[in-house]
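Visitor: Provided herewith: query-v6.cif, mmCIF, C-alpha atoms.
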data_upload
loop_
_atom_site.label_atom_id
_atom_site.label_comp_id
_atom_site.auth_asym_id
_atom_site.auth_seq_id
_atom_site.Cartn_x
_atom_site.Cartn_y
_atom_site.Cartn_z
CA MET A 1 148.17 153.28 138.07
CA ALA A 2 147.75 154.88 141.50
CA VAL A 3 150.48 157.40 140.67
CA VAL A 4 148.88 158.20 137.29
CA ALA A 5 145.46 158.61 138.88
CA LEU A 6 146.89 160.78 141.65
CA VAL A 7 148.65 163.11 139.20
CA LEU A 8 145.65 163.43 136.86
CA ALA A 9 143.33 164.20 139.75
CA ALA A 10 145.75 166.80 141.10
CA VAL A 11 146.10 168.51 137.71
CA ASN A 12 142.34 169.11 137.79
CA LEU A 13 142.12 170.54 141.31
CA ARG A 14 142.62 174.16 140.23
CA PRO A 15 141.77 174.90 136.55
CA GLY A 16 138.09 175.29 137.43
CA VAL A 17 139.14 178.14 139.72
CA THR A 18 142.27 179.67 138.15
CA SER A 19 140.78 179.79 134.65
CA LEU A 20 138.27 182.37 135.83
CA GLY A 21 140.63 185.13 137.00
CA PRO A 22 142.13 186.08 133.60
CA VAL A 23 138.65 186.48 132.03
CA LEU A 24 136.87 187.74 135.14
CA GLU A 25 136.31 191.20 133.67
CA GLU A 26 134.70 189.72 130.55
CA VAL A 27 132.51 187.42 132.64
CA ARG A 28 131.43 190.35 134.83
CA ASP A 29 130.54 192.46 131.80
CA SER A 30 128.74 189.62 130.02
CA LEU A 31 126.67 188.54 133.03
CA ASP A 32 126.34 192.03 134.56
CA MET A 33 128.02 191.07 137.85
CA SER A 34 128.63 193.59 140.62
CA GLY A 35 131.84 193.59 142.65
CA SER A 36 129.99 191.99 145.58
CA VAL A 37 128.63 189.16 143.42
CA THR A 38 132.12 188.69 141.97
CA GLY A 39 133.44 188.45 145.51
CA LEU A 40 130.81 185.76 146.13
CA VAL A 41 132.04 183.83 143.09
CA THR A 42 135.60 183.93 144.41
CA SER A 43 134.30 182.66 147.77
CA VAL A 44 132.44 179.71 146.24
CA PRO A 45 135.52 177.43 146.33
CA ALA A 46 135.92 177.93 150.06
CA VAL A 47 132.19 177.35 150.68
CA CYS A 48 132.16 174.14 148.65
CA PHE A 49 135.37 172.86 150.20
CA ALA A 50 134.05 173.53 153.71
CA VAL A 51 130.57 172.06 153.23
CA VAL A 52 131.13 169.26 150.73
CA GLY A 53 134.66 168.41 151.82
CA SER A 54 133.46 167.47 155.30
CA THR A 55 131.42 164.61 153.79
CA ALA A 56 134.37 163.08 151.93
CA PRO A 57 135.67 160.76 154.72
CA LEU A 58 132.17 159.32 155.24
CA LEU A 59 131.70 158.77 151.51
CA ALA A 60 135.11 157.09 151.25
CA ARG A 61 134.32 154.81 154.19
CA ARG A 62 131.04 153.77 152.58
CA PHE A 63 131.99 153.49 148.91
CA GLY A 64 135.79 153.43 148.80
CA ALA A 65 138.07 156.37 148.09
CA SER A 66 138.81 155.52 144.45
CA GLY A 67 135.16 155.25 143.45
CA VAL A 68 134.27 158.47 145.23
CA ILE A 69 137.11 160.36 143.54
CA ALA A 70 136.00 158.97 140.15
CA VAL A 71 132.47 160.29 140.69
CA ALA A 72 133.85 163.60 141.94
CA GLY A 73 135.89 163.93 138.73
CA ALA A 74 132.79 163.29 136.62
CA VAL A 75 130.83 165.93 138.56
CA LEU A 76 133.68 168.38 138.02
CA ALA A 77 133.74 167.75 134.26
CA VAL A 78 129.98 168.16 133.89
CA GLY A 79 129.91 171.30 136.04
CA LEU A 80 132.71 172.98 134.07
CA ALA A 81 131.06 172.14 130.75
CA LEU A 82 127.67 173.47 131.79
CA ARG A 83 129.07 176.61 133.45
CA SER A 84 130.29 177.91 130.12
CA PHE A 85 126.66 178.09 128.93
CA ALA A 86 125.36 180.10 131.92
CA LEU A 87 123.40 183.19 130.90
CA ASP A 88 122.95 184.89 134.28
CA PRO A 89 125.03 185.36 137.44
CA VAL A 90 122.93 183.05 139.64
CA LEU A 91 123.23 180.09 137.27
CA PHE A 92 126.94 180.79 136.85
CA VAL A 93 127.43 180.68 140.62
CA VAL A 94 125.36 177.48 140.96
CA LEU A 95 127.25 175.64 138.21
CA THR A 96 130.56 176.87 139.61
CA ALA A 97 129.53 175.40 142.96
CA LEU A 98 128.61 172.09 141.28
CA SER A 99 131.98 171.76 139.61
CA LEU A 100 133.86 172.76 142.74
CA ALA A 101 131.96 170.18 144.79
CA GLY A 102 133.89 167.55 142.86
CA ILE A 103 137.16 169.29 143.62
CA ALA A 104 136.21 169.54 147.31
CA VAL A 105 135.90 165.78 147.68
CA ALA A 106 139.21 165.07 145.94
CA ASN A 107 140.93 167.79 147.98
CA VAL A 108 140.15 165.95 151.21
CA LEU A 109 140.72 162.40 150.00
CA LEU A 110 144.03 162.75 148.14
CA PRO A 111 146.13 163.20 151.34
CA MET A 112 144.47 160.07 152.69
CA VAL A 113 145.21 158.18 149.46
CA VAL A 114 148.86 159.20 149.74
CA LYS A 115 149.05 157.98 153.35
CA GLN A 116 147.23 154.77 152.44
CA ARG A 117 149.17 153.77 149.33
CA PHE A 118 152.56 155.41 150.01
CA PRO A 119 152.93 155.42 153.82
CA ASP A 120 156.73 155.66 153.68
CA ARG A 121 156.79 158.41 151.04
CA VAL A 122 154.21 160.89 152.27
CA GLY A 123 156.39 163.95 151.68
CA ALA A 124 157.62 162.88 148.23
CA MET A 125 154.19 161.85 146.93
CA THR A 126 152.54 164.94 148.38
CA GLY A 127 155.18 166.94 146.53
CA LEU A 128 154.42 165.09 143.29
CA TYR A 129 150.70 165.75 143.34
CA SER A 130 151.23 169.30 144.62
CA MET A 131 153.48 169.89 141.62
CA ALA A 132 150.79 168.48 139.33
CA LEU A 133 148.25 170.74 141.02
CA ASN A 134 150.38 173.79 140.26
CA VAL A 135 150.88 172.68 136.66
CA GLY A 136 147.11 172.61 136.26
CA ALA A 137 146.67 175.96 138.02
CA SER A 138 149.35 177.76 136.01
CA SER A 139 148.25 176.21 132.72
CA ALA A 140 144.68 177.35 133.23
CA ALA A 141 145.86 180.85 134.17
CA ALA A 142 148.12 181.16 131.12
CA LEU A 143 146.01 179.41 128.48
CA THR A 144 142.43 180.48 129.18
CA VAL A 145 142.77 183.84 127.41
CA PRO A 146 144.52 182.34 124.33
CA LEU A 147 141.88 179.59 124.20
CA ALA A 148 139.13 182.20 124.32
CA GLU A 149 140.85 184.29 121.64
CA SER A 150 141.16 181.26 119.36
CA PHE A 151 137.35 181.05 119.44
CA GLY A 152 136.78 184.69 118.58
CA GLY A 153 137.43 186.07 122.06
CA ASP A 154 134.47 184.27 123.68
CA TRP A 155 135.28 183.61 127.35
CA ARG A 156 132.81 180.70 127.38
CA TYR A 157 135.07 178.54 125.23
CA GLY A 158 138.10 179.49 127.29
CA LEU A 159 136.42 178.30 130.49
CA GLY A 160 134.57 175.31 129.03
CA ALA A 161 137.70 173.77 127.49
CA TRP A 162 138.91 172.68 130.94
CA SER A 163 136.03 170.21 131.26
CA VAL A 164 137.85 167.99 128.75
CA LEU A 165 140.90 167.77 131.01
CA ALA A 166 138.66 166.93 133.96
CA ALA A 167 137.02 164.08 132.02
CA LEU A 168 140.42 162.52 131.28
CA ALA A 169 141.07 162.02 134.99
CA VAL A 170 138.02 159.81 135.57
CA PRO A 171 139.04 156.46 133.90
CA PRO A 172 142.14 155.75 136.07
CA TRP A 173 140.10 156.15 139.24
CA LEU A 174 137.39 153.87 137.86
CA PHE A 175 140.11 151.31 137.16
CA LEU A 176 141.38 151.56 140.75
CA ALA A 177 137.82 151.37 142.10
CA ARG A 178 137.24 148.09 140.24
CA ARG A 179 140.52 146.67 141.52
CA ARG A 180 140.14 147.49 145.20
CA THR A 181 143.00 145.80 147.00
CA LYS A 182 142.72 144.16 150.37
CA LEU A 183 144.07 146.59 152.95
CA PRO A 184 144.39 146.21 156.69
CA ALA A 185 141.71 147.62 158.93
CA GLY A 186 142.15 151.32 159.42
CA HIS A 187 142.74 151.99 155.73
CA ILE A 188 139.77 153.58 154.00
CA GLY A 189 139.05 152.27 150.53
CA GLY A 190 140.11 148.65 151.01
CA THR A 191 137.87 145.63 151.62
CA ALA A 192 138.66 145.17 155.27
CA GLY A 193 135.65 147.16 156.44
CA PRO A 194 135.34 150.59 157.96
CA PRO A 195 138.32 152.00 159.82
CA PRO A 196 138.30 152.13 163.56
CA ALA A 197 137.58 155.47 165.14
CA ALA A 198 140.71 157.37 165.98
CA GLY A 199 141.08 158.29 169.57
CA GLY A 200 139.93 161.65 170.81
CA ARG A 201 137.87 164.40 169.31
CA LEU A 202 139.75 166.50 166.81
CA SER A 203 137.71 169.55 167.78
CA ARG A 204 139.39 169.38 171.22
CA ASP A 205 142.93 168.99 169.89
CA PRO A 206 144.97 172.23 169.75
CA THR A 207 147.24 170.92 167.00
CA ALA A 208 144.25 170.03 164.84
CA TRP A 209 142.88 173.54 165.36
CA ALA A 210 146.25 175.11 164.54
CA LEU A 211 146.34 173.13 161.29
CA ALA A 212 142.76 174.19 160.50
CA VAL A 213 143.48 177.89 161.12
CA TYR A 214 146.71 177.78 159.14
CA PHE A 215 145.03 175.89 156.31
CA GLY A 216 142.07 178.27 156.29
CA LEU A 217 144.12 181.45 156.18
CA GLN A 218 146.44 180.19 153.46
CA ALA A 219 143.35 179.13 151.50
CA SER A 220 141.80 182.58 151.94
CA SER A 221 145.02 184.16 150.68
CA ALA A 222 145.21 181.73 147.75
CA TYR A 223 141.65 182.38 146.60
CA ILE A 224 142.11 186.11 146.90
CA ILE A 225 145.15 185.72 144.64
CA ILE A 226 143.28 183.43 142.25
CA GLY A 227 140.17 185.59 142.12
CA TRP A 228 141.64 189.08 142.22
CA LEU A 229 145.34 189.19 141.28
CA PRO A 230 144.75 189.54 137.51
CA GLN A 231 142.18 192.26 138.20
CA ILE A 232 144.64 194.12 140.46
CA PHE A 233 147.20 194.16 137.66
CA ARG A 234 144.61 195.15 135.06
CA ASP A 235 143.40 198.02 137.24
CA ALA A 236 147.04 199.15 137.45
CA GLY A 237 147.10 199.54 133.65
CA LEU A 238 148.47 196.17 132.52
CA SER A 239 146.82 194.30 129.64
CA ALA A 240 144.63 191.23 130.15
CA GLY A 241 147.26 188.99 128.57
CA THR A 242 150.05 190.38 130.76
CA ALA A 243 147.90 190.08 133.87
CA GLY A 244 147.14 186.45 133.02
CA LEU A 245 150.83 185.78 132.37
CA LEU A 246 151.82 187.32 135.70
CA PHE A 247 149.25 185.20 137.46
CA SER A 248 150.47 182.09 135.65
CA VAL A 249 154.00 182.89 136.84
CA SER A 250 152.77 182.96 140.44
CA SER A 251 151.23 179.53 139.84
CA LEU A 252 154.06 178.11 137.72
CA LEU A 253 156.61 178.94 140.40
CA GLY A 254 154.81 176.49 142.63
CA VAL A 255 155.63 173.58 140.28
CA PRO A 256 159.27 173.06 141.33
CA LEU A 257 158.70 174.40 144.85
CA SER A 258 155.73 172.12 145.46
CA LEU A 259 157.81 169.12 144.46
CA ALA A 260 160.79 170.03 146.63
CA LEU A 261 159.10 171.65 149.63
CA PRO A 262 157.02 168.70 150.95
CA ALA A 263 159.97 166.34 150.53
CA ALA A 264 162.17 168.72 152.51
CA ALA A 265 159.45 169.29 155.11
CA GLY A 266 159.06 165.54 155.53
CA ARG A 267 162.67 165.33 156.70
CA LEU A 268 162.20 168.03 159.35
CA ARG A 269 160.92 167.39 162.84
CA HIS A 270 159.36 170.83 163.00
CA GLN A 271 157.92 172.77 160.06
CA SER A 272 157.08 175.96 162.01
CA GLY A 273 159.95 178.07 160.70
CA LEU A 274 159.39 176.94 157.13
CA ALA A 275 155.67 177.75 157.28
CA ALA A 276 156.30 181.17 158.85
CA GLY A 277 158.95 182.01 156.23
CA ILE A 278 156.58 181.22 153.39
CA GLY A 279 153.98 183.43 155.06
CA MET A 280 156.46 186.31 155.15
CA CYS A 281 156.90 186.02 151.39
CA GLY A 282 153.16 186.41 151.03
CA PHE A 283 153.18 189.45 153.29
CA ALA A 284 155.93 191.05 151.20
CA GLY A 285 154.08 190.33 147.95
CA PHE A 286 150.79 191.82 149.18
CA ALA A 287 152.69 194.80 150.60
CA GLY A 288 154.18 195.39 147.15
CA LEU A 289 150.73 195.33 145.58
CA TRP A 290 149.54 197.77 148.26
CA PHE A 291 152.38 200.18 147.46
CA ASP A 292 152.24 199.98 143.64
CA PRO A 293 151.20 196.90 141.59
CA ALA A 294 152.87 198.24 138.43
CA LEU A 295 156.20 199.12 140.09
CA ALA A 296 157.63 195.58 140.14
CA PRO A 297 154.80 193.25 139.04
CA TRP A 298 157.10 190.30 138.34
CA LEU A 299 158.60 190.50 141.84
CA TRP A 300 155.17 190.66 143.46
CA ALA A 301 154.04 187.67 141.35
CA VAL A 302 157.11 185.64 142.37
CA LEU A 303 156.66 186.42 146.08
CA LEU A 304 152.99 185.44 145.94
CA GLY A 305 153.94 182.29 144.03
CA VAL A 306 156.23 181.30 146.90
CA ALA A 307 153.42 182.10 149.35
CA ASN A 308 151.06 179.74 147.52
CA CYS A 309 153.39 176.87 148.45
CA SER A 310 151.83 177.00 151.91
CA PHE A 311 149.14 174.70 150.45
CA PRO A 312 151.37 171.65 149.81
CA LEU A 313 153.14 172.36 153.08
CA ALA A 314 149.81 172.30 154.91
CA LEU A 315 148.93 168.98 153.24
CA THR A 316 152.31 167.56 154.22
CA MET A 317 151.84 168.61 157.84
CA ILE A 318 148.37 167.02 157.87
CA GLY A 319 149.86 163.77 156.55
CA MET A 320 152.66 163.84 159.11
CA ARG A 321 150.46 164.66 162.10
CA GLY A 322 148.20 161.61 161.65
CA ARG A 323 149.40 158.19 162.83
CA ASP A 324 147.64 156.20 160.07
CA SER A 325 145.52 156.76 156.96
CA ALA A 326 142.25 156.65 158.93
CA THR A 327 143.46 159.42 161.24
CA VAL A 328 144.82 161.39 158.29
CA ALA A 329 141.42 161.13 156.57
CA ARG A 330 139.68 162.49 159.66
CA LEU A 331 142.31 165.16 160.22
CA SER A 332 142.25 166.14 156.55
CA GLY A 333 138.47 166.40 156.65
CA PHE A 334 138.53 168.46 159.85
CA ALA A 335 141.41 170.78 158.90
CA GLN A 336 140.17 171.36 155.37
CA SER A 337 136.44 171.73 156.08
CA THR A 338 137.02 173.93 159.13
CA GLY A 339 139.80 175.81 157.40
CA TYR A 340 137.78 176.47 154.27
CA ALA A 341 134.86 177.64 156.43
CA LEU A 342 137.22 180.15 158.05
CA SER A 343 138.42 181.26 154.62
CA ILE A 344 134.97 182.00 153.20
CA PRO A 345 134.75 185.67 154.28
CA GLY A 346 138.16 186.63 152.87
CA PRO A 347 137.50 186.85 149.11
CA LEU A 348 133.96 188.12 149.76
CA VAL A 349 135.18 190.95 152.01
CA VAL A 350 137.80 191.87 149.41
CA GLY A 351 135.05 192.13 146.80
CA ILE A 352 132.89 194.31 149.04
CA LEU A 353 135.82 196.58 149.93
CA TYR A 354 136.79 196.80 146.26
CA ASP A 355 133.23 197.87 145.43
CA ARG A 356 133.20 200.60 148.08
CA ALA A 357 136.79 201.80 148.19
CA ASP A 358 138.65 203.94 145.68
CA GLY A 359 141.44 201.57 144.68
CA TRP A 360 143.02 198.48 146.18
CA ARG A 361 144.73 199.81 149.31
CA LEU A 362 141.84 199.14 151.71
CA PRO A 363 141.20 195.58 150.45
CA LEU A 364 144.93 194.82 150.53
CA THR A 365 145.25 196.18 154.08
CA PHE A 366 142.67 193.58 155.08
CA VAL A 367 144.65 190.86 153.27
CA LEU A 368 147.89 191.90 155.01
CA LEU A 369 146.20 191.49 158.41
CA LEU A 370 145.02 188.00 157.47
CA THR A 371 148.56 187.11 156.41
CA LEU A 372 149.96 188.13 159.79
CA VAL A 373 147.48 185.82 161.55
CA GLN A 374 148.48 182.99 159.17
CA ILE A 375 152.14 183.47 160.13
CA ALA A 376 151.21 183.28 163.81
CA ALA A 377 149.24 180.04 163.27
CA ALA A 378 152.21 178.46 161.47
CA VAL A 379 154.16 177.98 164.72
CA PRO A 380 151.80 175.56 166.54
CA ALA A 381 150.73 173.91 163.26
CA GLY A 382 154.32 172.92 162.48
CA ARG A 383 155.22 171.39 165.83
CA ASP A 384 156.34 167.76 165.93
CA ARG A 385 153.24 166.14 167.42
CA GLN A 386 151.17 163.23 166.14
CA ILE A 387 147.40 162.92 166.51
CA GLY A 388 145.47 159.71 166.95
#
Once you've parsed the file, please lay out its structure as structure tokens.

Guide:
Amino acid sequence: MAVVALVLAAVNLRPGVTSLGPVLEEVRDSLDMSGSVTGLVTSVPAVCFAVVGSTAPLLARRFGASGVIAVAGAVLAVGLALRSFALDPVLFVVLTALSLAGIAVANVLLPMVVKQRFPDRVGAMTGLYSMALNVGASSAAALTVPLAESFGGDWRYGLGAWSVLAALAVPPWLFLARRRTKLPAGHIGGTAGPPPAAGGRLSRDPTAWALAVYFGLQASSAYIIIGWLPQIFRDAGLSAGTAGLLFSVSSLLGVPLSLALPAAAGRLRHQSGLAAGIGMCGFAGFAGLWFDPALAPWLWAVLLGVANCSFPLALTMIGMRGRDSATVARLSGFAQSTGYALSIPGPLVVGILYDRADGWRLPLTFVLLLTLVQIAAAVPAGRDRQIG
């Protein structure tokens, strides 16, 4: 049941975000959004993950991880359902933030659940739920436009349909919450009481900061891809359906890679070279978009799909750097909340530059610079050093 719950939760970690990109132009026209406001919408995930995600370890310690994830899934389902009825940009942003608050909590707690329930299979189980995450992301990217078209081309139905999938993930976590097993002290979510405090402040640990910076920059890159990649292809003359398909390819590629990559990373003492190599794929993909999005769109989509695998790799490194599930929960909360806070300006700046520049070269130059910093942060983040 823990595996089923883990997979269902992971499937729902991205549709609320990736479903928006393929119909972003229709949403902008319908709600009269400017490029700057659209940039704000694409930054909402990072804001929610930074602010709300930091509370997840405390909530799990107080109420148990399974129960908190169940409530987070219910909040996600309600937020996605209500968002499809928004009639103005402000309400759309607010309801997007509500739904993503649920994702933020699960984002932080799932690595801890993996460490807690599968301590000897961190890499393999991280790969499994990362694969499920990419299945959800690519499905939402590919199916949102067809769903909308099946309801007369109304984007509201295309976005709202994903609330049903979110609701399906709630019952397994409720089941686990009602059957809380006795776990040794130091494991959040059991009945043995709150975990002991891990030694040392994470804010003073260079490895924790390297993980946070790496996580934040890969998140910024990912949400720029999620929020703007379909629009980049559409501005280059490709149709909405083709743009959505290209984006789904970038997400779908992560399905096999996300399953294999964490398992392989878990067998390595150092992940620095692997993380830097994935970053170079991202740099090449963004460079291709800078040169000409329509020249080789499938190649650019594939390279950016490989780059998006930095997310499961970051989760794997977080799980491997902590000595126990309590430390992993704290490290996950610190790296993700701090990282997402660092990632907030990225999509917003891209939106502002897109509004003011003639074309995509200036925004993509900014993205290329961020990618170089991410590659530099990969080296200390991947070193073989445990925290706690």

Visitor: Please write the residues picked by the PyMOL selection byres ((chain A and resi 89) around 12) on this file as a list in words.

Guide: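 With the shown file as input, the PyMOL selection byres ((chain A and resi 89) around 12) matches Val27, Arg28, Asp29, Ser30, Leu31, Asp32, Met33, Ser34, Gly35, Ser36, Val37, Thr38, Leu40, Val41, Arg83, Ser84, Phe85, Ala86, Leu87, Asp88, Val90, Leu91, Phe92, Val93, Val94, Leu95 and Thr96 of chain A.
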
Visitor: Measure the distance from CA of Leu331 (chain A) to CA of Trp209 (chain A) in Å and round it to one decimal.

Guide: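 Separating CA of Leu331 (chain A) from CA of Trp209 (chain A) is a distance of 9.8 Å.
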
Visitor: What gap, in Å, lies between CA of Trp290 (chain A) and CA of Gly346 (chain A)?

Guide: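 Going from CA of Trp290 (chain A) over to CA of Gly346 (chain A), I get 16.6 Å.
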
Visitor: Considering only C-alpha atoms, tabulate each residue of region 274-359 of chain A that lies at most 9 Å from region 239-248 of chain A along with its nearest interatomic pair and the corresponding distance in Å to one decimal; arrange the rows by chain and ascending residue number and present them as CSV.

Guide:
residue,atom,partner,partner_atom,distance
A:Pro297,CA,A:Leu246,CA,7.4
A:Trp298,CA,A:Leu246,CA,6.6
A:Ala301,CA,A:Leu246,CA,6.1
A:Val302,CA,A:Leu246,CA,8.7
A:Gly305,CA,A:Phe247,CA,8.6

Visitor: Give as a ChimeraX atom specification the residues that the PyMOL selection byres ((chain A and resi 219-225) around 9) matches when applied to the coordinates above.

Guide: /A:17-18,21,42-43,45-46,214-218,226-230,247,282,304,307-308,310-311,339-340,342-348,350,367,370-371

Visitor: Evaluate the PyMOL selection byres ((chain A and resi 316) around 9) against this structure - the residues, as number ranges by chain, please.

Guide: A: 111, 122-123, 126-127, 262-263, 265-266, 311-315, 317-321

Visitor: If you keep C-alpha atoms, can you produce a file of those selected residues as a PDB file, in the coordinates of the input?

Guide:
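Generated output (out.pdb):
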ATOM      1  CA  PRO A 111     146.130 163.200 151.340  1.00  0.00           C
ATOM      2  CA  VAL A 122     154.210 160.890 152.270  1.00  0.00           C
ATOM      3  CA  GLY A 123     156.390 163.950 151.680  1.00  0.00           C
ATOM      4  CA  THR A 126     152.540 164.940 148.380  1.00  0.00           C
ATOM      5  CA  GLY A 127     155.180 166.940 146.530  1.00  0.00           C
ATOM      6  CA  PRO A 262     157.020 168.700 150.950  1.00  0.00           C
ATOM      7  CA  ALA A 263     159.970 166.340 150.530  1.00  0.00           C
ATOM      8  CA  ALA A 265     159.450 169.290 155.110  1.00  0.00           C
ATOM      9  CA  GLY A 266     159.060 165.540 155.530  1.00  0.00           C
ATOM     10  CA  PHE A 311     149.140 174.700 150.450  1.00  0.00           C
ATOM     11  CA  PRO A 312     151.370 171.650 149.810  1.00  0.00           C
ATOM     12  CA  LEU A 313     153.140 172.360 153.080  1.00  0.00           C
ATOM     13  CA  ALA A 314     149.810 172.300 154.910  1.00  0.00           C
ATOM     14  CA  LEU A 315     148.930 168.980 153.240  1.00  0.00           C
ATOM     15  CA  MET A 317     151.840 168.610 157.840  1.00  0.00           C
ATOM     16  CA  ILE A 318     148.370 167.020 157.870  1.00  0.00           C
ATOM     17  CA  GLY A 319     149.860 163.770 156.550  1.00  0.00           C
ATOM     18  CA  MET A 320     152.660 163.840 159.110  1.00  0.00           C
ATOM     19  CA  ARG A 321     150.460 164.660 162.100  1.00  0.00           C
TER      20      ARG A 321
END

Visitor: Determine the nearest neighbour of Gly67 (chain A) from the options A:Ala124, A:Leu174, A:Val135, A:Leu211, counting all atoms listed in the file.

Guide: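 With all atoms listed in the file as the atom set, the closest residue is A:Leu174.
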